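File shown here: data-v8.cif, holding mmCIF, C-alpha atoms (C1' of nucleotides).
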data_protein
#
loop_
_atom_site.label_atom_id
_atom_site.label_comp_id
_atom_site.auth_asym_id
_atom_site.auth_seq_id
_atom_site.Cartn_x
_atom_site.Cartn_y
_atom_site.Cartn_z
CA MET A 1 32.54 236.40 -183.36
CA LYS A 2 33.68 232.88 -184.04
CA ARG A 3 30.02 232.06 -184.21
CA ALA A 4 29.43 234.89 -186.67
CA LYS A 5 32.17 233.66 -188.97
CA LYS A 6 30.79 230.17 -188.93
CA LYS A 7 27.50 231.61 -189.99
CA ILE A 8 29.15 233.49 -192.83
CA PHE A 9 30.80 230.33 -194.05
CA ALA A 10 27.62 228.27 -193.72
CA ASP A 11 25.76 230.85 -195.79
CA PHE A 12 28.51 230.92 -198.38
CA ILE A 13 28.43 227.13 -198.65
CA ALA A 14 24.66 227.08 -199.00
CA GLN A 15 24.53 229.88 -201.50
CA ARG A 16 27.02 228.12 -203.75
CA GLY A 17 25.26 224.81 -203.52
CA LEU A 18 28.22 223.23 -201.76
CA LYS A 19 28.08 220.81 -198.87
CA THR A 20 28.72 220.84 -195.17
CA THR A 21 31.27 218.22 -194.16
CA LYS A 22 33.00 217.12 -191.00
CA GLN A 23 36.33 218.18 -192.47
CA ARG A 24 35.20 221.69 -193.27
CA ASP A 25 33.82 222.12 -189.76
CA ILE A 26 37.02 220.90 -188.19
CA ILE A 27 39.24 223.00 -190.41
CA LEU A 28 37.21 226.15 -189.84
CA ASP A 29 37.28 225.60 -186.09
CA SER A 30 40.99 225.11 -186.10
CA PHE A 31 41.58 228.08 -188.37
CA LEU A 32 39.47 230.40 -186.24
CA SER A 33 41.34 229.48 -183.09
CA SER A 34 44.78 229.83 -184.60
CA ASP A 35 47.53 232.31 -185.08
CA ARG A 36 46.44 235.03 -187.45
CA HIS A 37 49.02 234.20 -190.14
CA LEU A 38 49.07 230.47 -190.68
CA SER A 39 50.49 228.61 -193.68
CA ILE A 40 48.74 225.61 -195.19
CA GLU A 41 51.47 223.36 -193.87
CA GLU A 42 51.17 224.73 -190.35
CA LEU A 43 47.42 224.32 -190.23
CA TYR A 44 47.71 220.87 -191.75
CA LEU A 45 50.18 219.73 -189.11
CA LYS A 46 48.11 221.22 -186.33
CA LEU A 47 45.07 219.33 -187.61
CA ARG A 48 46.88 216.05 -188.06
CA ALA A 49 47.51 215.92 -184.34
CA LYS A 50 43.84 215.39 -183.59
CA HIS A 51 42.56 214.23 -186.96
CA PRO A 52 45.16 211.99 -188.60
CA ASN A 53 42.98 211.25 -191.59
CA ILE A 54 42.51 214.73 -192.95
CA GLY A 55 44.43 215.18 -196.16
CA TYR A 56 46.68 218.03 -197.12
CA ALA A 57 44.62 218.65 -200.27
CA THR A 58 41.50 219.15 -198.22
CA VAL A 59 43.18 221.72 -196.03
CA TYR A 60 44.49 223.43 -199.12
CA ARG A 61 41.09 223.52 -200.83
CA THR A 62 39.27 224.57 -197.70
CA LEU A 63 41.58 227.47 -197.07
CA LYS A 64 40.99 228.66 -200.63
CA LEU A 65 37.31 228.41 -199.90
CA PHE A 66 37.70 230.55 -196.80
CA ALA A 67 39.39 233.16 -198.94
CA GLU A 68 36.53 233.09 -201.44
CA ALA A 69 34.05 233.36 -198.60
CA GLY A 70 35.86 236.44 -197.36
CA LEU A 71 37.01 234.86 -194.10
CA ALA A 72 40.66 234.72 -195.01
CA ARG A 73 43.16 236.43 -197.22
CA GLU A 74 46.21 234.94 -198.92
CA MET A 75 49.44 236.69 -198.04
CA GLN A 76 53.11 236.29 -198.92
CA PHE A 77 55.82 237.37 -196.54
CA GLY A 78 58.75 236.21 -198.57
CA ASP A 79 59.43 232.95 -196.75
CA GLY A 80 58.18 230.93 -199.70
CA GLN A 81 54.89 229.95 -198.09
CA THR A 82 51.47 231.40 -198.64
CA ARG A 83 49.91 232.41 -195.35
CA TYR A 84 46.22 232.82 -194.63
CA GLU A 85 45.31 235.78 -192.55
CA HIS A 86 41.99 236.23 -190.76
CA VAL A 87 39.77 238.90 -192.26
CA GLY A 88 37.38 240.94 -190.16
CA GLU A 89 34.57 243.11 -191.50
CA GLY A 90 36.02 245.69 -193.82
CA GLU A 91 39.12 245.86 -191.70
CA HIS A 92 42.52 246.48 -193.15
CA HIS A 93 45.96 246.52 -191.65
CA ASP A 94 49.61 246.33 -192.57
CA HIS A 95 52.45 244.26 -191.14
CA LEU A 96 55.64 244.38 -189.22
CA VAL A 97 57.63 241.21 -189.91
CA CYS A 98 60.59 240.14 -187.81
CA THR A 99 63.30 238.78 -190.09
CA ARG A 100 64.88 236.85 -187.24
CA CYS A 101 62.06 235.03 -185.44
CA GLY A 102 59.32 235.35 -188.04
CA HIS A 103 56.97 237.11 -185.66
CA ILE A 104 54.29 239.14 -187.44
CA GLU A 105 52.55 242.16 -185.93
CA GLU A 106 49.78 244.21 -187.42
CA PHE A 107 49.27 247.94 -187.50
CA GLU A 108 47.02 250.52 -189.03
CA ASN A 109 47.79 254.05 -190.00
CA GLU A 110 45.17 256.28 -191.44
CA THR A 111 47.62 258.92 -192.59
CA ILE A 112 49.70 256.49 -194.60
CA GLU A 113 46.58 255.24 -196.34
CA LYS A 114 45.62 258.78 -197.28
CA LEU A 115 49.05 259.54 -198.67
CA GLN A 116 48.93 256.36 -200.73
CA ASP A 117 45.68 257.45 -202.31
CA GLU A 118 47.15 260.83 -203.09
CA VAL A 119 50.14 259.28 -204.81
CA ALA A 120 47.90 256.95 -206.81
CA ASN A 121 45.57 259.75 -207.84
CA SER A 122 48.41 261.89 -209.04
CA ARG A 123 49.37 259.05 -211.39
CA GLY A 124 45.86 258.34 -212.58
CA PHE A 125 45.85 255.00 -210.75
CA LEU A 126 42.75 253.56 -209.18
CA VAL A 127 43.89 251.56 -206.14
CA GLU A 128 42.04 248.35 -205.33
CA ARG A 129 44.26 247.14 -202.53
CA HIS A 130 47.76 247.56 -201.23
CA ARG A 131 50.38 245.84 -199.18
CA LEU A 132 52.77 247.46 -196.82
CA GLU A 133 55.26 245.43 -194.88
CA LEU A 134 58.07 246.61 -192.68
CA TYR A 135 60.82 244.02 -192.26
CA GLY A 136 63.28 244.19 -189.43
CA LEU A 137 63.94 243.09 -185.86
CA CYS A 138 61.16 242.93 -183.32
CA SER A 139 61.76 244.28 -179.85
CA GLY A 140 62.54 240.80 -178.54
CA CYS A 141 65.16 240.04 -181.17
CA ARG A 142 66.94 243.37 -180.88
CA LYS A 143 68.63 242.34 -177.66
CA MET B 1 75.37 255.18 -216.64
CA LYS B 2 75.21 251.91 -218.47
CA ARG B 3 78.97 252.20 -218.71
CA ALA B 4 79.20 252.80 -214.97
CA LYS B 5 77.18 249.72 -214.17
CA LYS B 6 79.32 247.60 -216.44
CA LYS B 7 82.32 248.84 -214.56
CA ILE B 8 80.71 247.93 -211.26
CA PHE B 9 80.02 244.44 -212.47
CA ALA B 10 83.51 244.01 -213.94
CA ASP B 11 85.01 245.04 -210.62
CA PHE B 12 82.72 242.71 -208.74
CA ILE B 13 83.71 239.82 -211.01
CA ALA B 14 87.40 240.56 -210.62
CA GLN B 15 87.25 241.01 -206.89
CA ARG B 16 85.58 237.64 -206.45
CA GLY B 17 88.01 235.83 -208.70
CA LEU B 18 85.30 235.05 -211.22
CA LYS B 19 85.55 235.19 -214.98
CA THR B 20 84.37 237.39 -217.77
CA THR B 21 82.35 235.48 -220.33
CA LYS B 22 80.48 236.24 -223.52
CA GLN B 23 77.24 235.21 -221.85
CA ARG B 24 77.64 237.53 -218.90
CA ASP B 25 78.37 240.44 -221.20
CA ILE B 26 75.34 239.72 -223.33
CA ILE B 27 73.03 239.23 -220.36
CA LEU B 28 74.20 242.41 -218.65
CA ASP B 29 73.70 244.39 -221.84
CA SER B 30 70.24 243.03 -222.30
CA PHE B 31 69.33 243.57 -218.67
CA LEU B 32 70.50 247.16 -218.69
CA SER B 33 68.47 248.00 -221.75
CA SER B 34 65.30 246.36 -220.50
CA ASP B 35 62.16 247.11 -218.64
CA ARG B 36 62.94 247.81 -215.03
CA HIS B 37 61.01 244.82 -213.65
CA LEU B 38 61.90 241.77 -215.67
CA SER B 39 61.40 238.16 -214.67
CA ILE B 40 63.99 235.48 -215.41
CA GLU B 41 61.69 233.97 -217.99
CA GLU B 42 61.16 237.29 -219.75
CA LEU B 43 64.83 238.09 -219.95
CA TYR B 44 65.57 234.55 -221.06
CA LEU B 45 63.05 234.74 -223.90
CA LYS B 46 64.30 238.14 -224.94
CA LEU B 47 67.84 236.78 -225.08
CA ARG B 48 66.91 233.64 -226.96
CA ALA B 49 65.76 235.75 -229.89
CA LYS B 50 69.31 236.83 -230.66
CA HIS B 51 71.31 234.19 -228.82
CA PRO B 52 69.58 230.83 -229.14
CA ASN B 53 72.28 228.99 -227.29
CA ILE B 54 72.15 230.77 -223.96
CA GLY B 55 70.64 228.51 -221.30
CA TYR B 56 67.98 229.36 -218.77
CA ALA B 57 70.28 228.35 -215.94
CA THR B 58 72.88 230.84 -217.06
CA VAL B 59 70.36 233.68 -217.12
CA TYR B 60 69.15 232.59 -213.70
CA ARG B 61 72.64 232.46 -212.22
CA THR B 62 73.72 235.70 -213.82
CA LEU B 63 70.73 237.59 -212.51
CA LYS B 64 71.54 236.32 -209.02
CA LEU B 65 75.05 237.60 -209.57
CA PHE B 66 73.72 241.03 -210.54
CA ALA B 67 71.81 241.07 -207.29
CA GLU B 68 74.93 240.19 -205.32
CA ALA B 69 76.86 242.86 -207.19
CA GLY B 70 74.23 245.39 -206.18
CA LEU B 71 72.99 246.04 -209.72
CA ALA B 72 69.64 244.36 -209.26
CA ARG B 73 67.17 243.50 -206.58
CA GLU B 74 64.80 240.52 -206.40
CA MET B 75 61.16 241.45 -206.06
CA GLN B 76 57.84 239.64 -205.86
CA PHE B 77 54.65 241.19 -207.11
CA GLY B 78 52.37 238.26 -206.45
CA ASP B 79 52.24 236.90 -209.98
CA GLY B 80 54.33 233.91 -208.99
CA GLN B 81 57.50 235.12 -210.67
CA THR B 82 60.55 236.72 -209.16
CA ARG B 83 61.35 239.96 -210.91
CA TYR B 84 64.68 241.71 -211.03
CA GLU B 85 64.57 245.42 -210.63
CA HIS B 86 67.39 247.77 -211.53
CA VAL B 87 69.12 249.34 -208.57
CA GLY B 88 70.61 252.81 -208.64
CA GLU B 89 72.90 254.32 -205.99
CA GLY B 90 71.20 254.17 -202.61
CA GLU B 91 67.87 254.86 -204.24
CA HIS B 92 64.64 253.46 -202.93
CA HIS B 93 61.14 253.50 -204.28
CA ASP B 94 57.78 251.80 -204.01
CA HIS B 95 55.44 250.48 -206.68
CA LEU B 96 52.12 250.93 -208.35
CA VAL B 97 51.12 247.67 -210.03
CA CYS B 98 48.33 247.43 -212.58
CA THR B 99 46.32 244.27 -211.94
CA ARG B 100 45.01 244.26 -215.49
CA CYS B 101 47.99 244.85 -217.79
CA GLY B 102 50.81 244.16 -215.35
CA HIS B 103 52.35 247.59 -215.84
CA ILE B 104 54.57 248.64 -212.96
CA GLU B 105 55.31 252.24 -212.02
CA GLU B 106 57.59 253.52 -209.32
CA PHE B 107 57.13 256.28 -206.82
CA GLU B 108 58.78 257.79 -203.79
CA ASN B 109 57.22 259.50 -200.84
CA GLU B 110 59.30 260.87 -198.07
CA THR B 111 56.38 261.41 -195.72
CA ILE B 112 55.20 257.82 -195.95
CA GLU B 113 58.69 256.62 -195.11
CA LYS B 114 58.77 258.84 -192.05
CA LEU B 115 55.42 257.59 -190.84
CA GLN B 116 56.57 254.02 -191.27
CA ASP B 117 59.55 254.63 -189.05
CA GLU B 118 57.32 256.21 -186.44
CA VAL B 119 55.02 253.21 -186.41
CA ALA B 120 57.96 250.83 -186.13
CA ASN B 121 59.53 252.80 -183.32
CA SER B 122 56.34 252.85 -181.33
CA ARG B 123 56.38 249.03 -181.44
CA GLY B 124 60.05 248.66 -180.63
CA PHE B 125 60.79 247.43 -184.15
CA LEU B 126 64.03 248.18 -185.95
CA VAL B 127 63.19 248.39 -189.66
CA GLU B 128 65.73 247.06 -192.12
CA ARG B 129 63.67 247.39 -195.27
CA HIS B 130 60.11 247.65 -196.36
CA ARG B 131 57.86 247.03 -199.28
CA LEU B 132 54.88 249.07 -200.30
CA GLU B 133 52.83 248.20 -203.32
CA LEU B 134 49.59 249.69 -204.51
CA TYR B 135 47.58 247.36 -206.73
CA GLY B 136 44.85 248.63 -209.00
CA LEU B 137 44.16 249.92 -212.47
CA CYS B 138 46.59 252.15 -214.29
CA SER B 139 45.28 255.18 -216.14
CA GLY B 140 45.30 253.30 -219.44
CA CYS B 141 43.27 250.36 -218.12
CA ARG B 142 40.65 252.50 -216.39
CA LYS B 143 38.98 253.36 -219.66
"C1'" DA C 1 15.92 204.67 -198.75
"C1'" DA C 2 18.07 205.83 -203.22
"C1'" DG C 3 20.25 208.56 -206.46
"C1'" DT C 4 22.94 212.58 -207.67
"C1'" DC C 5 26.52 215.39 -207.34
"C1'" DG C 6 29.85 217.63 -204.51
"C1'" DA C 7 33.87 216.28 -201.23
"C1'" DT C 8 37.80 213.66 -199.85
"C1'" DG C 9 42.55 211.66 -199.76
"C1'" DA C 10 46.30 209.55 -202.14
"C1'" DA C 11 48.81 210.04 -205.79
"C1'" DT C 12 50.41 212.63 -209.50
"C1'" DA C 13 51.23 216.84 -212.10
"C1'" DT C 14 52.82 221.68 -212.42
"C1'" DC C 15 55.43 225.57 -211.91
"C1'" DA C 16 59.19 228.24 -210.93
"C1'" DC C 17 63.11 227.87 -209.44
"C1'" DT C 18 67.73 225.46 -208.02
"C1'" DT C 19 71.37 222.18 -208.38
"C1'" DT C 20 74.15 218.59 -210.65
"C1'" DC C 21 77.36 217.04 -213.88
"C1'" DA C 22 79.98 216.45 -218.02
"C1'" DT C 23 82.01 219.52 -221.13
"C1'" DG C 24 83.89 224.23 -222.54
"C1'" DA C 25 86.27 228.75 -221.68
"C1'" DT C 26 89.11 231.94 -219.25
"C1'" DG C 27 93.21 233.94 -217.73
"C1'" DG C 28 97.44 233.52 -214.68
"C1'" DC C 29 101.91 231.45 -215.35
"C1'" DG C 30 106.08 229.81 -217.45
"C1'" DC D 1 102.10 231.18 -227.02
"C1'" DG D 2 100.50 227.12 -224.85
"C1'" DC D 3 99.23 224.79 -220.15
"C1'" DC D 4 95.96 223.85 -217.09
"C1'" DA D 5 93.73 224.79 -212.71
"C1'" DT D 6 89.33 226.87 -212.20
"C1'" DC D 7 85.37 228.77 -213.15
"C1'" DA D 8 81.28 228.87 -216.40
"C1'" DT D 9 77.87 226.81 -219.27
"C1'" DG D 10 73.78 224.14 -220.87
"C1'" DA D 11 70.98 220.13 -220.53
"C1'" DA D 12 68.89 217.55 -217.51
"C1'" DA D 13 67.45 216.20 -213.15
"C1'" DG D 14 65.96 217.67 -208.42
"C1'" DT D 15 63.10 220.56 -205.15
"C1'" DG D 16 59.40 222.53 -202.58
"C1'" DA D 17 55.07 224.40 -202.62
"C1'" DT D 18 50.92 224.50 -204.83
"C1'" DA D 19 47.34 222.51 -207.88
"C1'" DT D 20 44.81 218.76 -210.09
"C1'" DT D 21 43.19 213.98 -211.07
"C1'" DC D 22 40.58 210.10 -210.04
"C1'" DA D 23 38.36 206.44 -207.62
"C1'" DT D 24 35.58 206.34 -203.73
"C1'" DC D 25 32.80 208.42 -200.09
"C1'" DG D 26 29.16 210.96 -198.04
"C1'" DA D 27 25.53 215.02 -198.12
"C1'" DC D 28 21.22 216.40 -199.26
"C1'" DT D 29 17.08 216.25 -202.25
"C1'" DT D 30 13.15 213.41 -203.48
#
For this file, produce the structure as structure tokens.
Amino acid sequence: MKRAKKKIFADFIAQRGLKTTKQRDIILDSFLSSDRHLSIEELYLKLRAKHPNIGYATVYRTLKLFAEAGLAREMQFGDGQTRYEHVGEGEHHDHLVCTRCGHIEEFENETIEKLQDEVANSRGFLVERHRLELYGLCSGCRK
Amino acid sequence: MKRAKKKIFADFIAQRGLKTTKQRDIILDSFLSSDRHLSIEELYLKLRAKHPNIGYATVYRTLKLFAEAGLAREMQFGDGQTRYEHVGEGEHHDHLVCTRCGHIEEFENETIEKLQDEVANSRGFLVERHRLELYGLCSGCRK
DNA sequence: AAGTCGATGAATATCACTTTCATGATGGCG
DNA sequence: CGCCATCATGAAAGTGATATTCATCGACTT
């Protein structure tokens, strides 16, 4: 699966006439083996540990590229940082966000999705995407 | 209702030992007779038309004050600006956001709320608040 | 191997707030 | 009514995160 995503990115790069670089390889590797909701800063710091000469701007630009390639999605959880979430094939999910420890869980609910479409239809809206986040305390922090 | 909200704010001001000022009166008036999802910038520009000497910082601080007083709520719709939404008594609603014209509509759906709680419970989460936004084209922009 | 054009990193710019600071008002008190 | 301790205001400066610039570097075609 990691292999498949690398292929997707390689194809994207080729198709756009862009170039393969050491940095892009390293960043993609690191991204693919990371937490599913990483901020630019977090990924940058993680990378710096092993590759002290990778610049913040490169991480920033590469993450944007991942989003364009369909490998990642930009998300905001209200902590002032944009986070990049991994994107699988056609998959969608919503989030549970712990307001105490910052932990983020994912969930899916077919029924909720259906109801959303109903609401939109009744208003003449054509929904392209949605976001649903539940903020509160995770099981660990409730103690 | 506008009268009631002014009363709420007056009480809030008094209770905190703050002061009534011309600016606060003007800003509250303008806020109450505005679109329900105004950004600081938008309200500031609207105000400048009639009151050229009101500063951005004052609008900013006053809006924060409205939020503390329970008259407004800060919201993010992904356009990079914080918007202040009017808050009624204990009311809650979600949003339909048009990605083309920026139009924002509100809706409520009891069943969706219930399903959200079920999902959270099954994960051991205690939900404090949530956000649900449907992004797409409004009826006007679909043509 | 050489040239062309995208990629990189450091530095700088932007953007939307957020805070500071000198000056102006408000409202409790005598 | 006038004082004056405090809070409020507006202009300007500060922040934090993101976005862009620019000189230089490195891929990939020929």
When the cut-off is 12 Å and we count only C-alpha atoms (C1' of nucleotides), which residues of chain B are near chain D, given as a short mmCIF file (atom, residue, chain, number, x, y, z; two decimals) with C-alpha atoms, in the coordinates of the input?
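What ended up in part28.cif:
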data_model
loop_
_atom_site.label_atom_id
_atom_site.label_comp_id
_atom_site.auth_asym_id
_atom_site.auth_seq_id
_atom_site.Cartn_x
_atom_site.Cartn_y
_atom_site.Cartn_z
CA ILE B 13 83.71 239.82 -211.01
CA ARG B 16 85.58 237.64 -206.45
CA GLY B 17 88.01 235.83 -208.70
CA LEU B 18 85.30 235.05 -211.22
CA LYS B 19 85.55 235.19 -214.98
CA THR B 20 84.37 237.39 -217.77
CA THR B 21 82.35 235.48 -220.33
CA LYS B 22 80.48 236.24 -223.52
CA GLN B 23 77.24 235.21 -221.85
CA ARG B 24 77.64 237.53 -218.90
CA PRO B 52 69.58 230.83 -229.14
CA ASN B 53 72.28 228.99 -227.29
CA ILE B 54 72.15 230.77 -223.96
CA GLY B 55 70.64 228.51 -221.30
CA TYR B 56 67.98 229.36 -218.77
CA ALA B 57 70.28 228.35 -215.94
CA THR B 58 72.88 230.84 -217.06
CA VAL B 59 70.36 233.68 -217.12
CA TYR B 60 69.15 232.59 -213.70
CA ARG B 61 72.64 232.46 -212.22
CA THR B 62 73.72 235.70 -213.82
CA GLY B 80 54.33 233.91 -208.99
#
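Using only C-alpha atoms (C1' of nucleotides), the contacts of Gly102 of chain B at a cut-off of 12 Å, with sequence neighbours closer than 4 positions omitted, comprise His37, Leu38, Phe77, Gly78, Asp79, His95, Leu96, Val97, Cys98, Tyr135, Gly136, Leu137, Cys138, Gly140 and Cys141 of chain B.
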Select all residues from chain A having any atom no more than 6 Å from an atom of chain B (counting all atoms listed in the file, ignoring ligands), output as an NGL selection string. :A and (112 or 124-139)
List the residues selected by the PyMOL selection byres ((chain C) within 7 of (chain A)) in the file shown, writing them as a ChimeraX atom specification. /C:6,8-9
Fitted chain B, least squares over ordered Cα pairs with chain A, as a compact mmCIF listing (two decimals) with C-alpha atoms, keeping the file's coordinate frame:
# COMPACT_ATOMS: atom_id res chain seq x y z
CA MET B 1 32.55 236.27 -183.22
CA LYS B 2 33.71 232.77 -183.91
CA ARG B 3 30.03 231.89 -184.02
CA ALA B 4 29.40 234.70 -186.50
CA LYS B 5 32.12 233.51 -188.82
CA LYS B 6 30.78 229.98 -188.73
CA LYS B 7 27.44 231.35 -189.74
CA ILE B 8 29.02 233.24 -192.62
CA PHE B 9 30.70 230.12 -193.85
CA ALA B 10 27.56 227.99 -193.46
CA ASP B 11 25.62 230.52 -195.51
CA PHE B 12 28.33 230.63 -198.13
CA ILE B 13 28.31 226.84 -198.39
CA ALA B 14 24.54 226.71 -198.68
CA GLN B 15 24.31 229.50 -201.20
CA ARG B 16 26.80 227.77 -203.48
CA GLY B 17 25.10 224.41 -203.25
CA LEU B 18 28.08 222.88 -201.49
CA LYS B 19 28.05 220.47 -198.59
CA THR B 20 28.77 220.53 -194.92
CA THR B 21 31.40 217.99 -193.94
CA LYS B 22 33.20 216.93 -190.80
CA GLN B 23 36.48 218.07 -192.31
CA ARG B 24 35.28 221.56 -193.11
CA ASP B 25 33.94 221.97 -189.60
CA ILE B 26 37.19 220.82 -188.06
CA ILE B 27 39.34 222.96 -190.32
CA LEU B 28 37.25 226.07 -189.73
CA ASP B 29 37.41 225.55 -185.98
CA SER B 30 41.13 225.12 -186.06
CA PHE B 31 41.62 228.09 -188.35
CA LEU B 32 39.53 230.37 -186.18
CA SER B 33 41.45 229.49 -183.07
CA SER B 34 44.86 229.90 -184.66
CA ASP B 35 47.55 232.42 -185.19
CA ARG B 36 46.37 235.08 -187.57
CA HIS B 37 48.94 234.31 -190.28
CA LEU B 38 49.04 230.58 -190.82
CA SER B 39 50.43 228.76 -193.83
CA ILE B 40 48.71 225.71 -195.32
CA GLU B 41 51.50 223.52 -194.04
CA GLU B 42 51.23 224.89 -190.51
CA LEU B 43 47.50 224.43 -190.32
CA TYR B 44 47.82 220.98 -191.84
CA LEU B 45 50.38 219.89 -189.25
CA LYS B 46 48.33 221.35 -186.44
CA LEU B 47 45.30 219.41 -187.66
CA ARG B 48 47.17 216.16 -188.13
CA ALA B 49 47.89 216.06 -184.41
CA LYS B 50 44.24 215.46 -183.59
CA HIS B 51 42.91 214.26 -186.93
CA PRO B 52 45.50 212.07 -188.62
CA ASN B 53 43.28 211.28 -191.55
CA ILE B 54 42.71 214.76 -192.91
CA GLY B 55 44.59 215.24 -196.18
CA TYR B 56 46.75 218.15 -197.21
CA ALA B 57 44.63 218.70 -200.29
CA THR B 58 41.53 219.12 -198.18
CA VAL B 59 43.19 221.74 -195.99
CA TYR B 60 44.42 223.48 -199.12
CA ARG B 61 41.01 223.49 -200.77
CA THR B 62 39.20 224.51 -197.63
CA LEU B 63 41.48 227.46 -197.02
CA LYS B 64 40.81 228.61 -200.58
CA LEU B 65 37.13 228.31 -199.79
CA PHE B 66 37.55 230.47 -196.69
CA ALA B 67 39.16 233.09 -198.88
CA GLU B 68 36.27 232.97 -201.34
CA ALA B 69 33.82 233.19 -198.46
CA GLY B 70 35.59 236.32 -197.26
CA LEU B 71 36.84 234.79 -194.01
CA ALA B 72 40.48 234.70 -195.00
CA ARG B 73 42.91 236.44 -197.27
CA GLU B 74 45.98 235.00 -199.01
CA MET B 75 49.20 236.78 -198.21
CA GLN B 76 52.87 236.43 -199.09
CA PHE B 77 55.60 237.52 -196.75
CA GLY B 78 58.54 236.40 -198.83
CA ASP B 79 59.26 233.16 -197.01
CA GLY B 80 57.99 231.14 -199.95
CA GLN B 81 54.73 230.14 -198.31
CA THR B 82 51.27 231.52 -198.81
CA ARG B 83 49.74 232.51 -195.51
CA TYR B 84 46.08 232.87 -194.73
CA GLU B 85 45.16 235.82 -192.64
CA HIS B 86 41.88 236.23 -190.81
CA VAL B 87 39.60 238.86 -192.27
CA GLY B 88 37.23 240.94 -190.18
CA GLU B 89 34.45 243.19 -191.51
CA GLY B 90 35.90 245.69 -193.95
CA GLU B 91 39.02 245.95 -191.85
CA HIS B 92 42.42 246.59 -193.32
CA HIS B 93 45.86 246.60 -191.83
CA ASP B 94 49.53 246.39 -192.69
CA HIS B 95 52.31 244.28 -191.22
CA LEU B 96 55.48 244.33 -189.24
CA VAL B 97 57.44 241.14 -189.93
CA CYS B 98 60.35 240.00 -187.80
CA THR B 99 63.09 238.64 -190.05
CA ARG B 100 64.58 236.65 -187.20
CA CYS B 101 61.71 234.84 -185.46
CA GLY B 102 59.03 235.24 -188.11
CA HIS B 103 56.66 237.01 -185.74
CA ILE B 104 54.05 239.09 -187.53
CA GLU B 105 52.31 242.10 -186.03
CA GLU B 106 49.60 244.22 -187.55
CA PHE B 107 49.13 247.94 -187.61
CA GLU B 108 46.94 250.59 -189.15
CA ASN B 109 47.78 254.12 -190.08
CA GLU B 110 45.23 256.39 -191.57
CA THR B 111 47.73 259.03 -192.63
CA ILE B 112 49.85 256.59 -194.60
CA GLU B 113 46.77 255.41 -196.45
CA LYS B 114 45.89 258.98 -197.36
CA LEU B 115 49.36 259.69 -198.65
CA GLN B 116 49.25 256.56 -200.76
CA ASP B 117 46.08 257.71 -202.43
CA GLU B 118 47.62 261.09 -203.10
CA VAL B 119 50.64 259.52 -204.76
CA ALA B 120 48.44 257.27 -206.87
CA ASN B 121 46.21 260.13 -207.93
CA SER B 122 49.13 262.24 -209.00
CA ARG B 123 50.13 259.42 -211.37
CA GLY B 124 46.65 258.77 -212.69
CA PHE B 125 46.50 255.42 -210.91
CA LEU B 126 43.31 253.99 -209.48
CA VAL B 127 44.30 251.93 -206.43
CA GLU B 128 42.38 248.75 -205.75
CA ARG B 129 44.48 247.45 -202.89
CA HIS B 130 47.90 247.80 -201.44
CA ARG B 131 50.42 246.01 -199.34
CA LEU B 132 52.80 247.55 -196.88
CA GLU B 133 55.21 245.47 -194.89
CA LEU B 134 58.00 246.56 -192.62
CA TYR B 135 60.70 243.94 -192.17
CA GLY B 136 63.13 244.05 -189.29
CA LEU B 137 63.68 242.89 -185.75
CA CYS B 138 60.86 242.71 -183.26
CA SER B 139 61.42 244.01 -179.75
CA GLY B 140 62.13 240.51 -178.46
CA CYS B 141 64.78 239.75 -181.08
CA ARG B 142 66.61 243.06 -180.68
CA LYS B 143 68.20 241.96 -177.44
Record the distance separating atom C1' of DA11 of chain C and atom CA of Phe66 of chain A, expressed in Å with one decimal.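 These atoms are spaced 25.0 Å apart.
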Residues returned when the PyMOL selection byres ((chain A and resi 36) around 10) runs on this file, as a list of chain:residue names: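 That expression, the PyMOL selection byres ((chain A and resi 36) around 10), corresponds here to A:Phe31, A:Leu32, A:Ser33, A:Ser34, A:Asp35, A:His37, A:Leu38, A:Ser39, A:Ala72, A:Arg83, A:Tyr84, A:Glu85, A:His86, A:Val87, A:Ile104, A:Glu105, A:Glu106.
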